[in-house]
Amino acid sequence: MSVKYNGKHLAKFIRPEEYDAIFPQVELAHQQLESRSGAGNDFLGWLDLPVNYDKEEFARIQQAAAKIRADSDVLLVAGIGGSYLGARAVIEAVKGQFHNEVEDGLKIYFCGNTISPTAINDIISLTKGKRFSINVISKSGTTTETALAFRVLRKLLEDAVGPEEANKRIYATTDRSRGTLKQLADAQGWPTFVVPDDVGGRFSVLTAVGLLPIACAGIDIAALMQGAADAREEFSVCSKDNDAYRYAMTRNILYRKGKVVETLTAFEPDFTMMNEWYKQLFGESEGKDQKGLMPTSCIFSTDLHSMGQFLQDGSRTMFETYVDIKAPRQDYFIPALEGNFDGLNFLADQNMSIVNRKAMEGTILAHNDGGVPLGLIEVDCLDAYNVGSLIYFFWKACAVSGYLLSVNPFDQPGVESYKKNMFALLGKPGYEAQKAELEAKLNG
Ligand code: PA5
């Protein structure tokens with residue numbers, strides 16, 4: 001098994017005929033993707049990426065990762081949005097949230113994804129007395145958060161090791177030929193890696209954008225690609241039994257019934273950043289033209305103690321999708337406690353994964369009884385292969401789901417609005433006209 005979609009807890013909410021009714025639209029979406037004739041068709045590079053990638057660059061990524069792991073204590077990865085989330089999501093899913101603390105060797109910290117002065121100061125502190133390298137990731141090369149962090153980190157590195165050595169420790173992942181970062185990288189002689197023209201940020205984790213940091217974490221990127229390649233094969237069939245399409249249909253059937261929020265949930269904290277990646281993937285792909293499901297996320301049982309009440313009993317506007325991870329990265333055997341002071345000996349003499357699974361099953365039944373439609377995405381475990389499969393499953397489902405919604409799933413026109421306002425308020429040359437207007441609104 002790679003990734004499966006299990007709809008057994010949806011029976012009360014969706015009739016089989018509803019899948020029959022929507023399936024012709026799936027067939028159209030499938031045909032538009034395959035023939036590359038639908039909206040956003042110049043951003044479909046991800047479709048064949050698991051098999052059709054630059055093998056020479058892939059080898060260079062592995063070599064660069066080996067060098068960084070050998071000559072650095074710390075790797076600072078500067079990037080935001082699609083140039084950040086996928087790499088961190090895969091690393092934490094496969095290696096765990098505490099990989100930096102638990103494992104010896106290279107520590108990997110992500111930055112350039114915020115304008116918080118506190119965050120950049122903390123990152124600077126983390127480099128004190130350490131040999132470090134930088135991977136700056138920006139397709140455009142002009143993203144404020146990333147560029148701002150990078151100018152600080154580059155200076156830090158040059159001050160620490162001198163400009164010549166710094167040039168050997170900066171790795172730029174950016175456009176193949178255009179943009180300020182590409183120009184700078186070429187001028188300084190930094191090793192560069194490519195964000196392909198036809199791959200958007202949220203579909204870029206299997207390019208150098210994600211692969212270099214992931215390889216630096218010691219993860220087998222060939223296995224990651226193989227998992228995605230096998231999922232590509234499996235989810236390329238135009239059938240009602242295609243699980244990626246079944247998930248896409250379910251989302252849209254429920255959306256049309258007024259379920260406007262999806263909560264993606266895993267009973268595994270290591271999935272936290274995968275949740276964040278999913279939110280960008282579906283949020284940027286579908287949230288446009290005043291339409292779209294709002295993607296939200298939970299980690300259970302943690303969030304059952306905060307969001308559990310709402311999900312059980314609040315307004316019935318959402319459905320849940322659980323990522324059912326069949327085997328944890330590590331299990332733990334619960335011993336019996338002499339005297340049973342905490343009253344928990346009924347949980348003893350078994351693996352903690354059993355307790356976690358019973359918590360999941362109990363929650364599914366309770367939320368279902370509370371009126372929450374609930375689907376399961378089943379995956380064997382969170383190793384590199386299966387995470388690769390999951391990524392492709394979500395991509396394919398998202399593309400079809402976006403077409404079912406009649407939006408272009410591959411653009412993100414809305415993200416520019418805040419940037420324009422920010423630049424105007426900060427007095428960026430060229431934005432003078434908007435500045436006074438915005439300040440008048442702020443001062444009310
Ligand atoms: O999905 C997207 O396109 C965005 O999230 C971008 O990846 C993000 O804004 C970073 O852009 P860039 O890589 O140009 O710095």
# chains A, B, ... in the order shown; residues from 1 in each chain; ligands from 1
call {"tool": "residues_around", "arguments": {"residues": "Asp20 (chain A)", "least_positions_apart": "6", "cutoff": "12 Å", "atoms": "only C-alpha atoms", "output": "list in words"}}
result
Ile14, Val26, Glu27, Ser239, Lys240, Asp241, Arg246, Met249, Thr250 and Ile253 of chain A
call {"tool": "residues_near_ligand", "arguments": {"ligand": "ligand 1", "cutoff": "9 Å", "atoms": "only C-alpha atoms and all ligand atoms", "output": "PyMOL selection string"}}
result
chain A and resi 79-85+113+137-147+173-175+195+200-204+209+280-281+284-285+410-412+415
call {"tool": "write_last_selection", "arguments": {"atoms": "N, CA, C and O atoms", "output": "CSV table (one decimal), in the first residue's frame"}}
result
chain,number,residue,atom,x,y,z
A,79,GLY,N,14.0,31.0,3.2
A,79,GLY,CA,12.9,30.9,2.2
A,79,GLY,C,11.6,31.0,2.8
A,79,GLY,O,11.5,30.9,4.1
A,80,ILE,N,10.6,31.3,2.0
A,80,ILE,CA,9.2,31.5,2.6
A,80,ILE,C,8.2,30.8,1.7
A,80,ILE,O,8.4,30.7,0.5
A,81,GLY,N,7.0,30.5,2.3
A,81,GLY,CA,5.9,29.9,1.5
A,81,GLY,C,6.4,28.6,0.8
A,81,GLY,O,6.9,27.7,1.4
A,82,GLY,N,6.2,28.6,-0.5
A,82,GLY,CA,6.6,27.4,-1.3
A,82,GLY,C,8.0,27.2,-1.3
A,82,GLY,O,8.5,26.0,-1.6
A,83,SER,N,8.8,28.2,-0.9
A,83,SER,CA,10.3,28.0,-0.9
A,83,SER,C,10.7,27.7,0.5
A,83,SER,O,11.9,27.8,0.8
A,84,TYR,N,9.8,27.2,1.3
A,84,TYR,CA,10.2,26.9,2.7
A,84,TYR,C,9.4,25.6,3.3
A,84,TYR,O,10.0,24.7,3.8
A,85,LEU,N,8.1,25.7,3.1
A,85,LEU,CA,7.2,24.7,3.9
A,85,LEU,C,7.5,23.3,3.5
A,85,LEU,O,7.5,22.4,4.4
A,113,ASN,N,11.4,33.4,6.7
A,113,ASN,CA,10.0,33.2,6.6
A,113,ASN,C,9.2,34.1,7.5
A,113,ASN,O,8.0,33.9,7.7
A,137,ILE,N,16.7,30.3,-0.8
A,137,ILE,CA,15.8,29.8,-1.8
A,137,ILE,C,14.8,30.8,-2.1
A,137,ILE,O,14.0,31.3,-1.3
A,138,SER,N,14.8,31.3,-3.4
A,138,SER,CA,13.8,32.3,-3.8
A,138,SER,C,13.7,32.2,-5.3
A,138,SER,O,14.7,32.5,-6.0
A,139,LYS,N,12.5,31.9,-5.8
A,139,LYS,CA,12.4,31.8,-7.3
A,139,LYS,C,12.5,33.2,-7.9
A,139,LYS,O,13.2,33.4,-8.8
A,140,SER,N,11.8,34.1,-7.2
A,140,SER,CA,11.8,35.5,-7.8
A,140,SER,C,13.1,36.2,-7.4
A,140,SER,O,13.6,37.1,-8.1
A,141,GLY,N,13.7,35.9,-6.2
A,141,GLY,CA,14.9,36.5,-5.8
A,141,GLY,C,14.6,37.9,-5.1
A,141,GLY,O,15.5,38.5,-4.6
A,142,THR,N,13.3,38.3,-5.1
A,142,THR,CA,13.0,39.6,-4.5
A,142,THR,C,12.1,39.5,-3.3
A,142,THR,O,11.6,40.6,-2.8
A,143,THR,N,11.8,38.4,-2.8
A,143,THR,CA,10.8,38.3,-1.7
A,143,THR,C,11.4,38.9,-0.4
A,143,THR,O,12.5,38.6,0.0
A,144,THR,N,10.7,39.9,0.1
A,144,THR,CA,11.2,40.7,1.2
A,144,THR,C,11.7,39.9,2.4
A,144,THR,O,12.9,40.1,2.8
A,145,GLU,N,10.9,39.0,2.9
A,145,GLU,CA,11.3,38.3,4.1
A,145,GLU,C,12.6,37.5,3.9
A,145,GLU,O,13.5,37.6,4.7
A,146,THR,N,12.7,36.9,2.8
A,146,THR,CA,13.9,36.0,2.5
A,146,THR,C,15.1,36.9,2.2
A,146,THR,O,16.2,36.7,2.7
A,147,ALA,N,14.9,37.9,1.4
A,147,ALA,CA,16.0,38.8,1.0
A,147,ALA,C,16.6,39.6,2.2
A,147,ALA,O,17.8,39.7,2.4
A,173,THR,N,19.2,28.6,-4.5
A,173,THR,CA,18.2,27.9,-5.3
A,173,THR,C,17.2,28.9,-5.8
A,173,THR,O,16.5,29.6,-5.1
A,174,THR,N,17.2,29.1,-7.2
A,174,THR,CA,16.5,30.2,-7.7
A,174,THR,C,16.2,29.9,-9.2
A,174,THR,O,16.3,28.8,-9.7
A,175,ASP,N,15.7,30.9,-9.9
A,175,ASP,CA,15.3,30.8,-11.3
A,175,ASP,C,16.6,30.4,-12.1
A,175,ASP,O,17.7,30.7,-11.8
A,195,VAL,N,14.9,26.4,-9.7
A,195,VAL,CA,13.4,26.3,-9.5
A,195,VAL,C,12.8,26.3,-10.9
A,195,VAL,O,12.9,27.3,-11.6
A,200,GLY,N,5.3,25.8,-9.7
A,200,GLY,CA,5.0,26.9,-8.7
A,200,GLY,C,5.5,26.5,-7.3
A,200,GLY,O,5.8,25.3,-7.0
A,201,GLY,N,5.6,27.5,-6.4
A,201,GLY,CA,6.1,27.3,-5.1
A,201,GLY,C,5.6,26.1,-4.3
A,201,GLY,O,6.3,25.3,-3.8
A,202,ARG,N,4.2,26.0,-4.3
A,202,ARG,CA,3.6,25.0,-3.5
A,202,ARG,C,3.7,23.6,-4.1
A,202,ARG,O,3.3,22.6,-3.5
A,203,PHE,N,4.2,23.6,-5.3
A,203,PHE,CA,4.4,22.3,-6.0
A,203,PHE,C,5.9,22.0,-6.2
A,203,PHE,O,6.3,21.2,-7.0
A,204,SER,N,6.8,22.7,-5.4
A,204,SER,CA,8.2,22.6,-5.7
A,204,SER,C,9.1,21.8,-4.7
A,204,SER,O,10.3,21.7,-4.9
A,209,VAL,N,14.4,23.0,-4.5
A,209,VAL,CA,13.8,23.8,-3.4
A,209,VAL,C,13.7,23.0,-2.1
A,209,VAL,O,14.2,23.4,-1.0
A,280,GLN,N,-1.0,25.6,2.8
A,280,GLN,CA,-0.6,26.4,1.6
A,280,GLN,C,-1.0,25.9,0.3
A,280,GLN,O,-1.6,26.6,-0.6
A,281,LEU,N,-0.9,24.5,0.2
A,281,LEU,CA,-1.2,23.9,-1.1
A,281,LEU,C,-2.7,24.1,-1.5
A,281,LEU,O,-3.0,24.6,-2.5
A,284,GLU,N,-3.8,28.3,-1.2
A,284,GLU,CA,-3.4,29.1,-2.4
A,284,GLU,C,-4.0,28.6,-3.7
A,284,GLU,O,-4.2,29.4,-4.6
A,285,SER,N,-4.2,27.3,-3.8
A,285,SER,CA,-4.7,26.8,-5.0
A,285,SER,C,-6.2,27.0,-5.2
A,285,SER,O,-6.7,27.2,-6.3
A,410,PHE,N,-3.4,27.0,-10.1
A,410,PHE,CA,-1.9,27.2,-10.1
A,410,PHE,C,-1.5,28.6,-10.1
A,410,PHE,O,-0.3,28.9,-10.3
A,411,ASP,N,-2.4,29.5,-9.8
A,411,ASP,CA,-1.9,30.9,-9.7
A,411,ASP,C,-2.2,31.4,-8.2
A,411,ASP,O,-2.8,30.6,-7.4
A,412,GLN,N,-1.8,32.5,-7.9
A,412,GLN,CA,-2.0,33.1,-6.5
A,412,GLN,C,-2.1,34.6,-6.6
A,412,GLN,O,-1.2,35.3,-5.9
A,415,VAL,N,-2.0,37.1,-3.3
A,415,VAL,CA,-0.9,37.3,-2.3
A,415,VAL,C,-0.2,38.6,-2.6
A,415,VAL,O,0.6,39.0,-1.7
call {"tool": "residues_around", "arguments": {"residues": "Gln188 (chain A)", "least_positions_apart": "5", "cutoff": "12 Å", "atoms": "only C-alpha atoms", "output": "ChimeraX atom specification"}}
result
/A:154,163-172,181-183
call {"tool": "residues_around", "arguments": {"residues": "Ala208 (chain A)", "least_positions_apart": "2", "cutoff": "7 Å", "atoms": "only C-alpha atoms", "output": "ChimeraX atom specification"}}
result
/A:173,193-195,206,210-212
call {"tool": "write_last_selection", "arguments": {"atoms": "C-alpha atoms", "output": "PDB file, in the first residue's frame"}}
result
ATOM      1  CA  THR A 173      18.167  27.900  -5.289  1.00  0.00           C
ATOM      2  CA  PHE A 193      20.152  25.048  -8.148  1.00  0.00           C
ATOM      3  CA  VAL A 194      17.064  25.580 -10.245  1.00  0.00           C
ATOM      4  CA  VAL A 195      13.409  26.278  -9.517  1.00  0.00           C
ATOM      5  CA  LEU A 206      10.489  17.685  -5.146  1.00  0.00           C
ATOM      6  CA  GLY A 210      13.026  20.932  -1.110  1.00  0.00           C
ATOM      7  CA  LEU A 211      15.568  18.325  -2.100  1.00  0.00           C
ATOM      8  CA  LEU A 212      18.738  20.134  -0.996  1.00  0.00           C
TER       9      LEU A 212
END
call {"tool": "atom_distance", "arguments": {"atom1": "CA of Ser401 (chain A)", "atom2": "CA of Thr263 (chain A)"}}
result
15.8 Å
call {"tool": "residues_around", "arguments": {"residues": "Ser301 (chain A)", "least_positions_apart": "5", "cutoff": "12 Å", "atoms": "only C-alpha atoms", "output": "list in words"}}
result
Thr265, Ala266, Phe267, Glu268, Pro269, Ser306, Met307, Gly308, Val355, Asn356, Arg357, Lys358, Ala359, Met360, Glu361, Gly362, Thr363 and Ile364 of chain A
call {"tool": "atom_distance", "arguments": {"atom1": "CA of Tyr278 (chain A)", "atom2": "CA of Thr321 (chain A)"}}
result
11.6 Å
call {"tool": "residues_around", "arguments": {"residues": "Gly402 (chain A)", "least_positions_apart": "6", "cutoff": "9 Å", "atoms": "only C-alpha atoms", "output": "list in words"}}
result
Ala29, Ala248, Phe282, Ser285, Glu286, Gly292, Asn408, Pro409 and Phe410 of chain A
call {"tool": "write_last_selection", "arguments": {"atoms": "all heavy atoms", "output": "PDB file, in the first residue's frame"}}
result
ATOM      1  N   ALA A  29     -11.677  17.254 -15.707  1.00  0.00           N
ATOM      2  CA  ALA A  29     -10.473  17.791 -15.038  1.00  0.00           C
ATOM      3  C   ALA A  29      -9.257  16.927 -15.376  1.00  0.00           C
ATOM      4  O   ALA A  29      -8.163  17.443 -15.668  1.00  0.00           O
ATOM      5  CB  ALA A  29     -10.694  17.844 -13.525  1.00  0.00           C
ATOM      6  N   ALA A 248     -10.752  14.298  -3.844  1.00  0.00           N
ATOM      7  CA  ALA A 248     -11.136  15.568  -4.478  1.00  0.00           C
ATOM      8  C   ALA A 248     -12.660  15.657  -4.622  1.00  0.00           C
ATOM      9  O   ALA A 248     -13.262  16.710  -4.349  1.00  0.00           O
ATOM     10  CB  ALA A 248     -10.466  15.693  -5.848  1.00  0.00           C
ATOM     11  N   PHE A 282      -3.554  23.821  -0.536  1.00  0.00           N
ATOM     12  CA  PHE A 282      -4.969  23.959  -0.853  1.00  0.00           C
ATOM     13  C   PHE A 282      -5.451  25.407  -0.723  1.00  0.00           C
ATOM     14  O   PHE A 282      -6.306  25.850  -1.485  1.00  0.00           O
ATOM     15  CB  PHE A 282      -5.810  23.014   0.019  1.00  0.00           C
ATOM     16  CG  PHE A 282      -5.771  21.592  -0.487  1.00  0.00           C
ATOM     17  CD1 PHE A 282      -4.799  20.706  -0.054  1.00  0.00           C
ATOM     18  CD2 PHE A 282      -6.693  21.149  -1.423  1.00  0.00           C
ATOM     19  CE1 PHE A 282      -4.744  19.407  -0.533  1.00  0.00           C
ATOM     20  CE2 PHE A 282      -6.654  19.841  -1.908  1.00  0.00           C
ATOM     21  CZ  PHE A 282      -5.677  18.965  -1.463  1.00  0.00           C
ATOM     22  N   SER A 285      -4.235  27.322  -3.758  1.00  0.00           N
ATOM     23  CA  SER A 285      -4.739  26.757  -5.011  1.00  0.00           C
ATOM     24  C   SER A 285      -6.231  27.013  -5.182  1.00  0.00           C
ATOM     25  O   SER A 285      -6.702  27.242  -6.293  1.00  0.00           O
ATOM     26  CB  SER A 285      -4.466  25.242  -5.057  1.00  0.00           C
ATOM     27  OG  SER A 285      -3.074  25.004  -4.999  1.00  0.00           O
ATOM     28  N   GLU A 286      -6.991  26.976  -4.074  1.00  0.00           N
ATOM     29  CA  GLU A 286      -8.450  27.015  -4.208  1.00  0.00           C
ATOM     30  C   GLU A 286      -9.095  28.299  -3.703  1.00  0.00           C
ATOM     31  O   GLU A 286     -10.219  28.604  -4.113  1.00  0.00           O
ATOM     32  CB  GLU A 286      -9.069  25.841  -3.442  1.00  0.00           C
ATOM     33  CG  GLU A 286      -8.728  24.496  -4.042  1.00  0.00           C
ATOM     34  CD  GLU A 286      -9.540  23.368  -3.439  1.00  0.00           C
ATOM     35  OE1 GLU A 286      -9.759  23.368  -2.204  1.00  0.00           O
ATOM     36  OE2 GLU A 286      -9.958  22.489  -4.180  1.00  0.00           O
ATOM     37  N   GLY A 292     -13.936  28.493  -2.304  1.00  0.00           N
ATOM     38  CA  GLY A 292     -12.925  27.580  -1.781  1.00  0.00           C
ATOM     39  C   GLY A 292     -13.153  27.145  -0.350  1.00  0.00           C
ATOM     40  O   GLY A 292     -13.734  27.868   0.454  1.00  0.00           O
ATOM     41  N   ASN A 408      -8.499  28.507 -11.236  1.00  0.00           N
ATOM     42  CA  ASN A 408      -7.159  28.142 -11.698  1.00  0.00           C
ATOM     43  C   ASN A 408      -6.368  27.733 -10.462  1.00  0.00           C
ATOM     44  O   ASN A 408      -6.023  28.593  -9.646  1.00  0.00           O
ATOM     45  CB  ASN A 408      -6.513  29.340 -12.396  1.00  0.00           C
ATOM     46  CG  ASN A 408      -5.061  29.058 -12.783  1.00  0.00           C
ATOM     47  OD1 ASN A 408      -4.516  27.995 -12.466  1.00  0.00           O
ATOM     48  ND2 ASN A 408      -4.442  30.001 -13.458  1.00  0.00           N
ATOM     49  N   PRO A 409      -6.065  26.443 -10.290  1.00  0.00           N
ATOM     50  CA  PRO A 409      -5.387  26.028  -9.047  1.00  0.00           C
ATOM     51  C   PRO A 409      -3.908  26.418  -9.001  1.00  0.00           C
ATOM     52  O   PRO A 409      -3.258  26.178  -7.995  1.00  0.00           O
ATOM     53  CB  PRO A 409      -5.513  24.496  -9.069  1.00  0.00           C
ATOM     54  CG  PRO A 409      -6.271  24.122 -10.293  1.00  0.00           C
ATOM     55  CD  PRO A 409      -6.317  25.293 -11.197  1.00  0.00           C
ATOM     56  N   PHE A 410      -3.397  26.977 -10.072  1.00  0.00           N
ATOM     57  CA  PHE A 410      -1.943  27.155 -10.141  1.00  0.00           C
ATOM     58  C   PHE A 410      -1.475  28.606 -10.081  1.00  0.00           C
ATOM     59  O   PHE A 410      -0.291  28.880 -10.282  1.00  0.00           O
ATOM     60  CB  PHE A 410      -1.413  26.451 -11.403  1.00  0.00           C
ATOM     61  CG  PHE A 410      -1.865  25.022 -11.477  1.00  0.00           C
ATOM     62  CD1 PHE A 410      -2.748  24.596 -12.453  1.00  0.00           C
ATOM     63  CD2 PHE A 410      -1.443  24.103 -10.514  1.00  0.00           C
ATOM     64  CE1 PHE A 410      -3.204  23.286 -12.488  1.00  0.00           C
ATOM     65  CE2 PHE A 410      -1.891  22.796 -10.538  1.00  0.00           C
ATOM     66  CZ  PHE A 410      -2.776  22.382 -11.527  1.00  0.00           C
TER      67      PHE A 410
END
call {"tool": "residues_around", "arguments": {"residues": "Ala229 (chain A)", "least_positions_apart": "6", "cutoff": "8 Å", "atoms": "only C-alpha atoms", "output": "list in words"}}
result
Pro50, Val51 and Ser389 of chain A
call {"tool": "closest_residue", "arguments": {"among": "A:Leu76, A:Leu311, A:Ala327, A:Leu404", "to": "Glu262 (chain A)", "atoms": "only C-alpha atoms"}}
result
A:Leu311
call {"tool": "atom_distance", "arguments": {"atom1": "CA of Ile22 (chain A)", "atom2": "CA of Tyr245 (chain A)"}}
result
10.7 Å
call {"tool": "closest_residue", "arguments": {"among": "A:Ser236, A:Ser353, A:Gln97, A:Thr114", "to": "Asp48 (chain A)", "atoms": "only C-alpha atoms"}}
result
A:Ser236
call {"tool": "closest_residue", "arguments": {"among": "A:Asn41, A:Thr272, A:Asn252, A:Asn351", "to": "Gly96 (chain A)", "atoms": "only C-alpha atoms"}}
result
A:Thr272
call {"tool": "closest_residue", "arguments": {"among": "A:Asn242, A:Asn345, A:Ser125, A:Asn6", "to": "Val323 (chain A)", "atoms": "only C-alpha atoms"}}
result
A:Asn6
call {"tool": "select_by_dssp", "arguments": {"residues": "region 338-411 of chain A", "states": "strand (DSSP E or B)", "output": "ChimeraX atom specification"}}
result
/A:350-351,374-379
call {"tool": "closest_residue", "arguments": {"among": "A:Leu75, A:His367, A:Ala59, A:Phe394", "to": "Leu304 (chain A)", "atoms": "only C-alpha atoms"}}
result
A:His367
